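So this one's model_38.cif, mmCIF, C-alpha atoms and all ligand atoms:
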```
data_coords
loop_
_atom_site.group_PDB
_atom_site.id
_atom_site.type_symbol
_atom_site.label_atom_id
_atom_site.label_comp_id
_atom_site.auth_asym_id
_atom_site.auth_seq_id
_atom_site.Cartn_x
_atom_site.Cartn_y
_atom_site.Cartn_z
ATOM 1 C CA MET A 1 13.257 -7.327 -18.925
ATOM 2 C CA SER A 2 12.966 -5.905 -15.420
ATOM 3 C CA ILE A 3 15.820 -5.763 -12.922
ATOM 4 C CA ALA A 4 13.938 -8.150 -10.653
ATOM 5 C CA GLN A 5 14.065 -10.775 -13.391
ATOM 6 C CA HIS A 6 17.780 -10.229 -13.837
ATOM 7 C CA ILE A 7 18.595 -10.926 -10.196
ATOM 8 C CA ALA A 8 16.957 -14.314 -10.327
ATOM 9 C CA ASP A 9 20.363 -15.559 -11.435
ATOM 10 C CA PRO A 10 22.919 -13.431 -9.575
ATOM 11 C CA SER A 11 26.674 -13.879 -9.891
ATOM 12 C CA PRO A 12 28.236 -16.266 -7.397
ATOM 13 C CA PRO A 13 28.800 -14.706 -3.973
ATOM 14 C CA LYS A 14 32.262 -13.357 -3.367
ATOM 15 C CA ALA A 15 33.986 -12.805 -0.051
ATOM 16 C CA ILE A 16 33.507 -9.562 1.784
ATOM 17 C CA ARG A 17 36.574 -7.424 1.245
ATOM 18 C CA LEU A 18 37.929 -5.148 3.946
ATOM 19 C CA LEU A 19 39.659 -1.946 2.969
ATOM 20 C CA PRO A 20 43.412 -2.472 3.315
ATOM 21 C CA ASP A 21 44.022 0.085 6.037
ATOM 22 C CA PRO A 22 42.641 3.390 7.301
ATOM 23 C CA GLY A 23 44.021 6.390 5.501
ATOM 24 C CA THR A 24 44.206 4.847 2.039
ATOM 25 C CA GLY A 25 41.206 6.830 0.865
ATOM 26 C CA ARG A 26 37.889 5.680 -0.542
ATOM 27 C CA PRO A 27 36.201 6.063 -3.876
ATOM 28 C CA VAL A 28 34.245 9.280 -4.231
ATOM 29 C CA GLU A 29 31.260 9.973 -6.458
ATOM 30 C CA GLN A 30 33.144 12.801 -8.151
ATOM 31 C CA SER A 31 35.741 10.445 -9.563
ATOM 32 C CA GLU A 32 33.120 8.544 -11.522
ATOM 33 C CA PRO A 33 31.956 10.352 -14.651
ATOM 34 C CA ASP A 34 29.729 7.618 -16.043
ATOM 35 C CA LEU A 35 26.297 7.505 -14.431
ATOM 36 C CA LEU A 36 25.622 4.004 -15.689
ATOM 37 C CA ARG A 37 28.966 2.553 -14.616
ATOM 38 C CA TYR A 38 27.712 1.685 -11.146
ATOM 39 C CA LEU A 39 24.765 2.194 -8.813
ATOM 40 C CA SER A 40 25.050 3.285 -5.199
ATOM 41 C CA ALA A 41 22.690 4.094 -2.351
ATOM 42 C CA SER A 42 23.620 7.795 -2.508
ATOM 43 C CA ARG A 43 22.901 8.011 -6.252
ATOM 44 C CA LEU A 44 19.599 6.176 -5.893
ATOM 45 C CA LYS A 45 18.563 8.244 -2.881
ATOM 46 C CA CYS A 46 19.332 11.494 -4.680
ATOM 47 C CA TRP A 47 17.371 10.283 -7.713
ATOM 48 C CA GLN A 48 14.479 9.368 -5.449
ATOM 49 C CA THR A 49 14.520 12.771 -3.732
ATOM 50 C CA CYS A 50 14.638 14.958 -6.832
ATOM 51 C CA ARG A 51 15.765 14.189 -10.362
ATOM 52 C CA ARG A 52 16.695 17.826 -10.963
ATOM 53 C CA GLN A 53 18.932 17.787 -7.898
ATOM 54 C CA PHE A 54 20.480 14.586 -9.289
ATOM 55 C CA PHE A 55 21.152 16.419 -12.556
ATOM 56 C CA TYR A 56 22.925 19.272 -10.781
ATOM 57 C CA ARG A 57 25.009 16.915 -8.646
ATOM 58 C CA TYR A 58 25.900 14.090 -11.005
ATOM 59 C CA VAL A 59 25.419 15.415 -14.536
ATOM 60 C CA GLU A 60 26.407 19.091 -14.331
ATOM 61 C CA ARG A 61 28.656 18.167 -11.391
ATOM 62 C CA ILE A 62 28.261 21.556 -9.761
ATOM 63 C CA THR A 63 30.568 21.839 -6.779
ATOM 64 C CA VAL A 64 29.113 23.434 -3.667
ATOM 65 C CA PRO A 65 30.583 24.393 -0.271
ATOM 66 C CA THR A 66 30.569 21.576 2.274
ATOM 67 C CA ALA A 67 27.707 22.145 4.723
ATOM 68 C CA PRO A 68 28.999 22.259 8.326
ATOM 69 C CA ALA A 69 26.641 19.431 9.365
ATOM 70 C CA LEU A 70 27.969 17.254 6.548
ATOM 71 C CA PHE A 71 31.561 18.022 7.484
ATOM 72 C CA ILE A 72 30.910 17.195 11.156
ATOM 73 C CA GLY A 73 29.210 13.946 10.161
ATOM 74 C CA ARG A 74 32.186 12.910 8.051
ATOM 75 C CA GLN A 75 34.644 13.618 10.858
ATOM 76 C CA ILE A 76 32.601 11.596 13.337
ATOM 77 C CA HIS A 77 32.335 8.799 10.831
ATOM 78 C CA GLU A 78 36.097 8.771 10.309
ATOM 79 C CA VAL A 79 36.826 8.434 14.039
ATOM 80 C CA LEU A 80 34.271 5.634 14.376
ATOM 81 C CA ARG A 81 35.909 3.887 11.447
ATOM 82 C CA LEU A 82 39.303 4.030 13.158
ATOM 83 C CA TRP A 83 37.774 2.929 16.470
ATOM 84 C CA ASN A 84 36.138 -0.114 14.886
ATOM 85 C CA TRP A 85 39.199 -0.848 12.842
ATOM 86 C CA GLY A 86 41.290 -0.955 16.033
ATOM 87 C CA LYS A 87 38.786 -3.399 17.542
ATOM 88 C CA TRP A 88 38.868 -5.528 14.429
ATOM 89 C CA LYS A 89 42.683 -5.701 14.580
ATOM 90 C CA GLN A 90 42.450 -6.336 18.354
ATOM 91 C CA GLU A 91 44.515 -3.206 18.919
ATOM 92 C CA PRO A 92 41.915 -0.917 20.515
ATOM 93 C CA LEU A 93 42.623 2.810 20.409
ATOM 94 C CA SER A 94 42.769 4.871 23.602
ATOM 95 C CA PRO A 95 40.632 8.010 24.084
ATOM 96 C CA GLU A 96 43.786 10.107 23.541
ATOM 97 C CA GLN A 97 44.485 8.368 20.228
ATOM 98 C CA LEU A 98 40.888 8.842 19.130
ATOM 99 C CA ARG A 99 40.925 12.537 20.032
ATOM 100 C CA ALA A 100 44.199 12.943 18.127
ATOM 101 C CA ALA A 101 42.603 11.131 15.168
ATOM 102 C CA LEU A 102 39.698 13.582 15.187
ATOM 103 C CA ASN A 103 42.070 16.558 15.226
ATOM 104 C CA GLU A 104 44.186 15.144 12.448
ATOM 105 C CA SER A 105 41.252 14.263 10.208
ATOM 106 C CA TRP A 106 39.551 17.600 10.903
ATOM 107 C CA GLU A 107 42.604 19.685 10.031
ATOM 108 C CA ARG A 108 43.423 17.635 6.954
ATOM 109 C CA ASP A 109 39.907 17.875 5.509
ATOM 110 C CA ALA A 110 39.274 21.499 6.550
ATOM 111 C CA ALA A 111 42.388 22.521 4.604
ATOM 112 C CA LYS A 112 40.979 20.932 1.430
ATOM 113 C CA GLU A 113 37.364 22.114 1.548
ATOM 114 C CA PHE A 114 35.434 25.348 1.940
ATOM 115 C CA ILE A 115 33.069 25.078 4.902
ATOM 116 C CA PRO A 116 30.875 28.153 5.409
ATOM 117 C CA TRP A 117 31.070 28.429 9.219
ATOM 118 C CA LYS A 118 28.778 31.258 10.371
ATOM 119 C CA THR A 119 31.350 32.858 12.709
ATOM 120 C CA PRO A 120 35.103 32.319 13.178
ATOM 121 C CA ASP A 121 34.411 30.608 16.527
ATOM 122 C CA ASP A 122 31.949 28.147 15.034
ATOM 123 C CA GLU A 123 34.571 25.745 13.794
ATOM 124 C CA ALA A 124 36.236 25.307 17.198
ATOM 125 C CA VAL A 125 32.826 24.903 18.853
ATOM 126 C CA ALA A 126 31.819 22.313 16.268
ATOM 127 C CA ARG A 127 35.015 20.334 16.834
ATOM 128 C CA GLU A 128 34.401 20.211 20.597
ATOM 129 C CA GLN A 129 30.782 19.269 19.980
ATOM 130 C CA SER A 130 31.872 16.454 17.668
ATOM 131 C CA TRP A 131 34.224 15.103 20.315
ATOM 132 C CA ALA A 132 31.468 15.317 22.942
ATOM 133 C CA MET A 133 29.179 13.296 20.637
ATOM 134 C CA LEU A 134 31.888 10.678 20.139
ATOM 135 C CA GLU A 135 32.671 10.452 23.858
ATOM 136 C CA THR A 136 28.977 9.932 24.567
ATOM 137 C CA TYR A 137 28.846 7.205 21.956
ATOM 138 C CA PHE A 138 31.935 5.435 23.300
ATOM 139 C CA ASP A 139 30.373 5.594 26.753
ATOM 140 C CA GLN A 140 26.891 4.401 25.755
ATOM 141 C CA CYS A 141 27.746 2.192 22.798
ATOM 142 C CA PRO A 142 25.446 -0.846 22.703
ATOM 143 C CA VAL A 143 28.245 -2.999 21.254
ATOM 144 C CA PRO A 144 30.068 -4.895 24.031
ATOM 145 C CA PRO A 145 33.791 -3.973 24.086
ATOM 146 C CA GLU A 146 34.835 -7.606 23.720
ATOM 147 C CA GLU A 147 32.688 -8.177 20.614
ATOM 148 C CA HIS A 148 34.787 -8.726 17.501
ATOM 149 C CA PRO A 149 33.298 -7.117 14.366
ATOM 150 C CA GLU A 150 32.525 -9.298 11.359
ATOM 151 C CA GLY A 151 33.469 -6.421 9.093
ATOM 152 C CA VAL A 152 34.535 -2.761 9.273
ATOM 153 C CA GLU A 153 34.103 -0.370 6.372
ATOM 154 C CA VAL A 154 33.096 -3.279 4.229
ATOM 155 C CA GLU A 155 33.481 -2.345 0.586
ATOM 156 C CA VAL A 156 31.190 -4.493 -1.544
ATOM 157 C CA GLU A 157 30.171 -4.612 -5.175
ATOM 158 C CA CYS A 158 27.602 -6.953 -6.648
ATOM 159 C CA SER A 159 26.367 -7.759 -10.098
ATOM 160 C CA LEU A 160 22.666 -7.167 -10.799
ATOM 161 C CA GLY A 161 22.751 -9.154 -14.002
ATOM 162 C CA PRO A 162 24.131 -9.019 -17.547
ATOM 163 C CA GLY A 163 24.191 -5.554 -19.099
ATOM 164 C CA LEU A 164 23.295 -3.784 -15.846
ATOM 165 C CA PRO A 165 25.567 -1.555 -13.759
ATOM 166 C CA PRO A 166 26.832 -3.227 -10.578
ATOM 167 C CA LEU A 167 25.673 -2.015 -7.181
ATOM 168 C CA TYR A 168 28.462 -0.613 -5.020
ATOM 169 C CA GLY A 169 28.537 0.341 -1.337
ATOM 170 C CA ILE A 170 30.556 0.599 1.844
ATOM 171 C CA ILE A 171 28.927 -0.779 4.991
ATOM 172 C CA ASP A 172 30.083 0.939 8.191
ATOM 173 C CA LEU A 173 30.093 -2.120 10.432
ATOM 174 C CA VAL A 174 28.846 -5.698 10.448
ATOM 175 C CA ARG A 175 28.234 -7.110 13.919
ATOM 176 C CA PRO A 176 27.975 -10.829 14.569
ATOM 177 C CA PRO A 177 25.861 -12.545 13.436
ATOM 178 C CA GLY A 178 25.312 -10.563 10.232
ATOM 179 C CA ARG A 179 23.866 -7.350 11.701
ATOM 180 C CA ILE A 180 24.414 -4.384 9.406
ATOM 181 C CA VAL A 181 25.185 -1.166 11.304
ATOM 182 C CA ASP A 182 25.092 2.337 9.862
ATOM 183 C CA TYR A 183 26.125 5.484 11.720
ATOM 184 C CA LYS A 184 24.131 8.703 11.511
ATOM 185 C CA SER A 185 24.799 12.068 13.106
ATOM 186 C CA ALA A 186 21.709 14.226 13.496
ATOM 187 C CA ALA A 187 20.417 17.335 15.216
ATOM 188 C CA ARG A 188 17.439 15.573 16.782
ATOM 189 C CA SER A 189 16.264 12.082 17.648
ATOM 190 C CA PRO A 190 14.404 10.307 14.878
ATOM 191 C CA GLY A 191 11.596 7.917 15.728
ATOM 192 C CA ASP A 192 12.282 4.287 14.797
ATOM 193 C CA GLU A 193 9.581 4.284 12.118
ATOM 194 C CA MET A 194 10.701 7.533 10.514
ATOM 195 C CA ALA A 195 14.360 6.479 10.561
ATOM 196 C CA VAL A 196 13.721 3.276 8.642
ATOM 197 C CA HIS A 197 11.361 5.075 6.272
ATOM 198 C CA GLN A 198 13.994 7.704 5.464
ATOM 199 C CA HIS A 199 16.833 5.226 5.070
ATOM 200 C CA ALA A 200 14.978 2.295 3.458
ATOM 201 C CA THR A 201 16.784 2.643 0.116
ATOM 202 C CA GLN A 202 20.208 2.647 1.749
ATOM 203 C CA LEU A 203 19.413 -0.319 3.991
ATOM 204 C CA ALA A 204 17.968 -2.316 1.097
ATOM 205 C CA CYS A 205 21.120 -1.639 -0.950
ATOM 206 C CA TYR A 206 23.264 -2.882 1.933
ATOM 207 C CA ALA A 207 21.156 -6.011 2.327
ATOM 208 C CA VAL A 208 21.443 -6.849 -1.386
ATOM 209 C CA LEU A 209 25.208 -6.274 -1.215
ATOM 210 C CA TYR A 210 25.588 -8.328 1.960
ATOM 211 C CA ARG A 211 23.550 -11.249 0.650
ATOM 212 C CA ASN A 212 25.445 -11.282 -2.615
ATOM 213 C CA ALA A 213 28.844 -11.057 -0.935
ATOM 214 C CA THR A 214 28.282 -13.681 1.739
ATOM 215 C CA GLY A 215 25.582 -15.912 0.279
ATOM 216 C CA GLU A 216 23.716 -15.421 3.578
ATOM 217 C CA ARG A 217 20.832 -13.284 4.710
ATOM 218 C CA GLU A 218 21.595 -10.432 7.104
ATOM 219 C CA THR A 219 20.037 -10.913 10.547
ATOM 220 C CA GLY A 220 18.946 -7.275 10.759
ATOM 221 C CA PHE A 221 19.947 -3.619 10.750
ATOM 222 C CA GLU A 222 20.964 -1.115 13.404
ATOM 223 C CA LEU A 223 21.015 2.644 12.932
ATOM 224 C CA HIS A 224 23.271 4.220 15.555
ATOM 225 C CA HIS A 225 22.347 7.903 15.801
ATOM 226 C CA LEU A 226 24.737 10.337 17.479
ATOM 227 C CA ILE A 227 22.487 13.237 18.404
ATOM 228 C CA LYS A 228 23.910 16.744 18.514
ATOM 229 C CA THR A 229 21.841 18.091 21.398
ATOM 230 C CA LYS A 230 23.395 20.360 24.063
ATOM 231 C CA VAL A 231 24.035 17.212 26.064
ATOM 232 C CA PRO A 232 24.728 14.675 23.270
ATOM 233 C CA LYS A 233 22.603 11.528 23.095
ATOM 234 C CA VAL A 234 22.845 8.147 21.447
ATOM 235 C CA VAL A 235 19.735 6.589 19.908
ATOM 236 C CA VAL A 236 19.901 3.095 18.434
ATOM 237 C CA SER A 237 17.128 1.870 16.159
ATOM 238 C CA THR A 238 17.043 -1.844 15.412
ATOM 239 C CA TYR A 239 15.203 -3.618 12.617
ATOM 240 C CA GLY A 240 14.777 -7.083 11.185
ATOM 241 C CA PRO A 241 16.204 -8.193 7.833
ATOM 242 C CA MET A 242 15.151 -6.657 4.535
ATOM 243 C CA SER A 243 11.581 -7.640 3.691
ATOM 244 C CA ALA A 244 10.454 -8.793 0.260
ATOM 245 C CA ALA A 245 8.542 -5.508 -0.086
ATOM 246 C CA MET A 246 11.673 -3.433 0.650
ATOM 247 C CA GLU A 247 13.586 -5.421 -1.928
ATOM 248 C CA SER A 248 10.837 -4.917 -4.523
ATOM 249 C CA GLU A 249 10.786 -1.170 -3.861
ATOM 250 C CA LEU A 250 14.543 -1.033 -4.385
ATOM 251 C CA PHE A 251 14.331 -2.782 -7.745
ATOM 252 C CA PHE A 252 11.396 -0.635 -8.873
ATOM 253 C CA LEU A 253 13.602 2.337 -8.060
ATOM 254 C CA ILE A 254 16.575 0.894 -9.962
ATOM 255 C CA ASP A 255 14.349 0.269 -12.990
ATOM 256 C CA ASP A 256 13.127 3.864 -12.796
ATOM 257 C CA TYR A 257 16.678 5.201 -12.356
ATOM 258 C CA LEU A 258 18.063 3.351 -15.376
ATOM 259 C CA ASP A 259 15.106 4.289 -17.525
ATOM 260 C CA GLY A 260 15.168 7.914 -16.355
ATOM 261 C CA ILE A 261 18.885 8.358 -17.009
ATOM 262 C CA VAL A 262 18.470 7.125 -20.568
ATOM 263 C CA ARG A 263 15.472 9.443 -21.093
ATOM 264 C CA GLU A 264 17.276 12.336 -19.310
ATOM 265 C CA ALA A 265 14.171 12.794 -17.194
ATOM 266 C CA TRP A 266 15.518 15.514 -14.905
ATOM 267 C CA VAL A 267 12.088 16.494 -13.563
ATOM 268 C CA PRO A 268 12.184 18.819 -10.517
ATOM 269 C CA SER A 269 10.326 17.719 -7.367
ATOM 270 C CA PRO A 270 9.658 20.874 -5.339
ATOM 271 C CA GLY A 271 8.877 20.214 -1.693
ATOM 272 C CA GLN A 272 10.071 20.666 1.860
ATOM 273 C CA HIS A 273 13.417 19.092 1.006
ATOM 274 C CA CYS A 274 14.187 22.139 -1.200
ATOM 275 C CA ALA A 275 14.918 24.040 2.036
ATOM 276 C CA TRP A 276 18.206 22.169 2.390
ATOM 277 C CA CYS A 277 18.969 21.655 -1.306
ATOM 278 C CA ASP A 278 22.405 22.973 -2.321
ATOM 279 C CA HIS A 279 20.984 24.155 -5.633
ATOM 280 C CA LEU A 280 17.839 26.016 -4.535
ATOM 281 C CA ALA A 281 18.859 29.425 -5.941
ATOM 282 C CA LEU A 282 19.901 27.992 -9.312
ATOM 283 C CA CYS A 283 16.827 25.799 -9.489
ATOM 284 C CA ARG A 284 14.507 28.749 -8.820
ATOM 285 C CA LYS A 285 16.294 30.861 -11.412
ATOM 286 C CA ARG A 286 16.170 28.201 -14.096
ATOM 287 C CA SER A 287 12.530 27.532 -13.347
ATOM 288 C CA GLY A 288 11.828 31.246 -13.870
ATOM 289 C CA MET A 289 10.884 31.939 -10.245
HETATM 290 S S1 LIG B 301 15.427 23.144 -5.143
HETATM 291 FE FE1 LIG B 301 13.999 21.432 -4.888
HETATM 292 S S2 LIG B 301 13.185 21.048 -6.955
HETATM 293 FE FE2 LIG B 301 15.064 22.261 -7.179
HETATM 294 S S3 LIG B 301 16.700 20.804 -7.452
HETATM 295 FE FE3 LIG B 301 16.628 21.259 -5.297
HETATM 296 S S4 LIG B 301 15.302 19.673 -4.423
HETATM 297 FE FE4 LIG B 301 14.942 19.692 -6.631
#
```
Could you show the structure in this file as structure tokens?
Amino acid sequence: MSIAQHIADPSPPKAIRLLPDPGTGRPVEQSEPDLLRYLSASRLKCWQTCRRQFFYRYVERITVPTAPALFIGRQIHEVLRLWNWGKWKQEPLSPEQLRAALNESWERDAAKEFIPWKTPDDEAVAREQSWAMLETYFDQCPVPPEEHPEGVEVEVECSLGPGLPPLYGIIDLVRPPGRIVDYKSAARSPGDEMAVHQHATQLACYAVLYRNATGERETGFELHHLIKTKVPKVVVSTYGPMSAAMESELFFLIDDYLDGIVREAWVPSPGQHCAWCDHLALCRKRSGM
């Protein structure tokens, strides 16, 4: 039986659950040893990109240094989470509090991870650049300051049917009425079409989660890009709700994922994306190159 048949009778919707408070931590992929215990957008996206990369990340669980761009993105994300959380609680944070939050998060995480900065000055430059990107976003944010979020860091899990792993995800922000927002930090502006193409799996996962949790259809998606140019920019891409075709593609992918895990089909997919794969050297060696 296909996944699509299973979701014909989904579990009853349950209320969206907000995380209790910033700073309590969030589940991480590394804490989950069982590949079939749950599905997530990041697991599905990695599977879609390259099954061999998936094997290195989730089966062999090879730890790699945190790429500076990834670290910067996480820090920006954390400050935006606190900013939205303050709005949700109707206790907005001042610029000084937000800057202090960036410093605190940065120092806490940098002490725990190895980040291969190219020069000793790079880290300080990156922190200033991150703050400049955030300041630009606060200044140009398309969300009116008085707008109350429907949800912030919305942690959702939904059943896909009997015997199937649940789908799990955390949605950055839900704006009224039912607009799903995801933050991205990037080196250059994406076009609207390319952005939705690249992130279709993630957006479809969020739509399935949102619909299951609320019993309603999302009204659309927004991708808020914080662009790391010399003078930072904000680019917002807006889309309508998940189409039937997007939903079908997601469930084809889930079928393929579940089948492939059982068959241990860790087939490599060499391509341009190998240039930023954490496991390129190992992959080349094992492939006899
Ligand atoms: S180097 Fe390319 S083919 Fe090898 S694991 Fe990484 S993405 Fe896949």
Taking all atoms listed in the file and a cut-off of 8 Å, can you tell me which residues surround ligand LIG 301 (chain B), written as a VMD selection string?
chain A and resid 49 to 54 56 268 to 284
Name the residues that the PyMOL selection byres (((chain A and resi 72) around 9) and not hetatm) pulls out of this structure, and write them as a PyMOL selection string.
chain A and resi 67-71+73-77+106+126-127+130+185
Matched chain/residue IDs from the PyMOL selection byres (((chain A and resi 258) around 12) and not hetatm), as a PDB file with C-alpha atoms, in the coordinates of the input:
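Below is the file out.pdb, written as the result:
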```
ATOM      1  CA  SER A   2      12.966  -5.905 -15.420  1.00  0.00           C
ATOM      2  CA  ILE A   3      15.820  -5.763 -12.922  1.00  0.00           C
ATOM      3  CA  LEU A  35      26.297   7.505 -14.431  1.00  0.00           C
ATOM      4  CA  LEU A  36      25.622   4.004 -15.689  1.00  0.00           C
ATOM      5  CA  ARG A  37      28.966   2.553 -14.616  1.00  0.00           C
ATOM      6  CA  TYR A  38      27.712   1.685 -11.146  1.00  0.00           C
ATOM      7  CA  LEU A  39      24.765   2.194  -8.813  1.00  0.00           C
ATOM      8  CA  ARG A  43      22.901   8.011  -6.252  1.00  0.00           C
ATOM      9  CA  LEU A  44      19.599   6.176  -5.893  1.00  0.00           C
ATOM     10  CA  TRP A  47      17.371  10.283  -7.713  1.00  0.00           C
ATOM     11  CA  GLY A 163      24.191  -5.554 -19.099  1.00  0.00           C
ATOM     12  CA  LEU A 164      23.295  -3.784 -15.846  1.00  0.00           C
ATOM     13  CA  PRO A 165      25.567  -1.555 -13.759  1.00  0.00           C
ATOM     14  CA  PRO A 166      26.832  -3.227 -10.578  1.00  0.00           C
ATOM     15  CA  PHE A 251      14.331  -2.782  -7.745  1.00  0.00           C
ATOM     16  CA  PHE A 252      11.396  -0.635  -8.873  1.00  0.00           C
ATOM     17  CA  LEU A 253      13.602   2.337  -8.060  1.00  0.00           C
ATOM     18  CA  ILE A 254      16.575   0.894  -9.962  1.00  0.00           C
ATOM     19  CA  ASP A 255      14.349   0.269 -12.990  1.00  0.00           C
ATOM     20  CA  ASP A 256      13.127   3.864 -12.796  1.00  0.00           C
ATOM     21  CA  TYR A 257      16.678   5.201 -12.356  1.00  0.00           C
ATOM     22  CA  ASP A 259      15.106   4.289 -17.525  1.00  0.00           C
ATOM     23  CA  GLY A 260      15.168   7.914 -16.355  1.00  0.00           C
ATOM     24  CA  ILE A 261      18.885   8.358 -17.009  1.00  0.00           C
ATOM     25  CA  VAL A 262      18.470   7.125 -20.568  1.00  0.00           C
ATOM     26  CA  ARG A 263      15.472   9.443 -21.093  1.00  0.00           C
ATOM     27  CA  GLU A 264      17.276  12.336 -19.310  1.00  0.00           C
ATOM     28  CA  ALA A 265      14.171  12.794 -17.194  1.00  0.00           C
TER      29      ALA A 265
END
```
In terms of only C-alpha atoms, the residue from A:Glu153, A:Asp192, A:Glu78, A:Asp34 at minimal distance from Tyr58 in chain A is A:Asp34
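Put simply, CA of Val156 in chain A is 18.6 Å away from CA of His199 in chain A.
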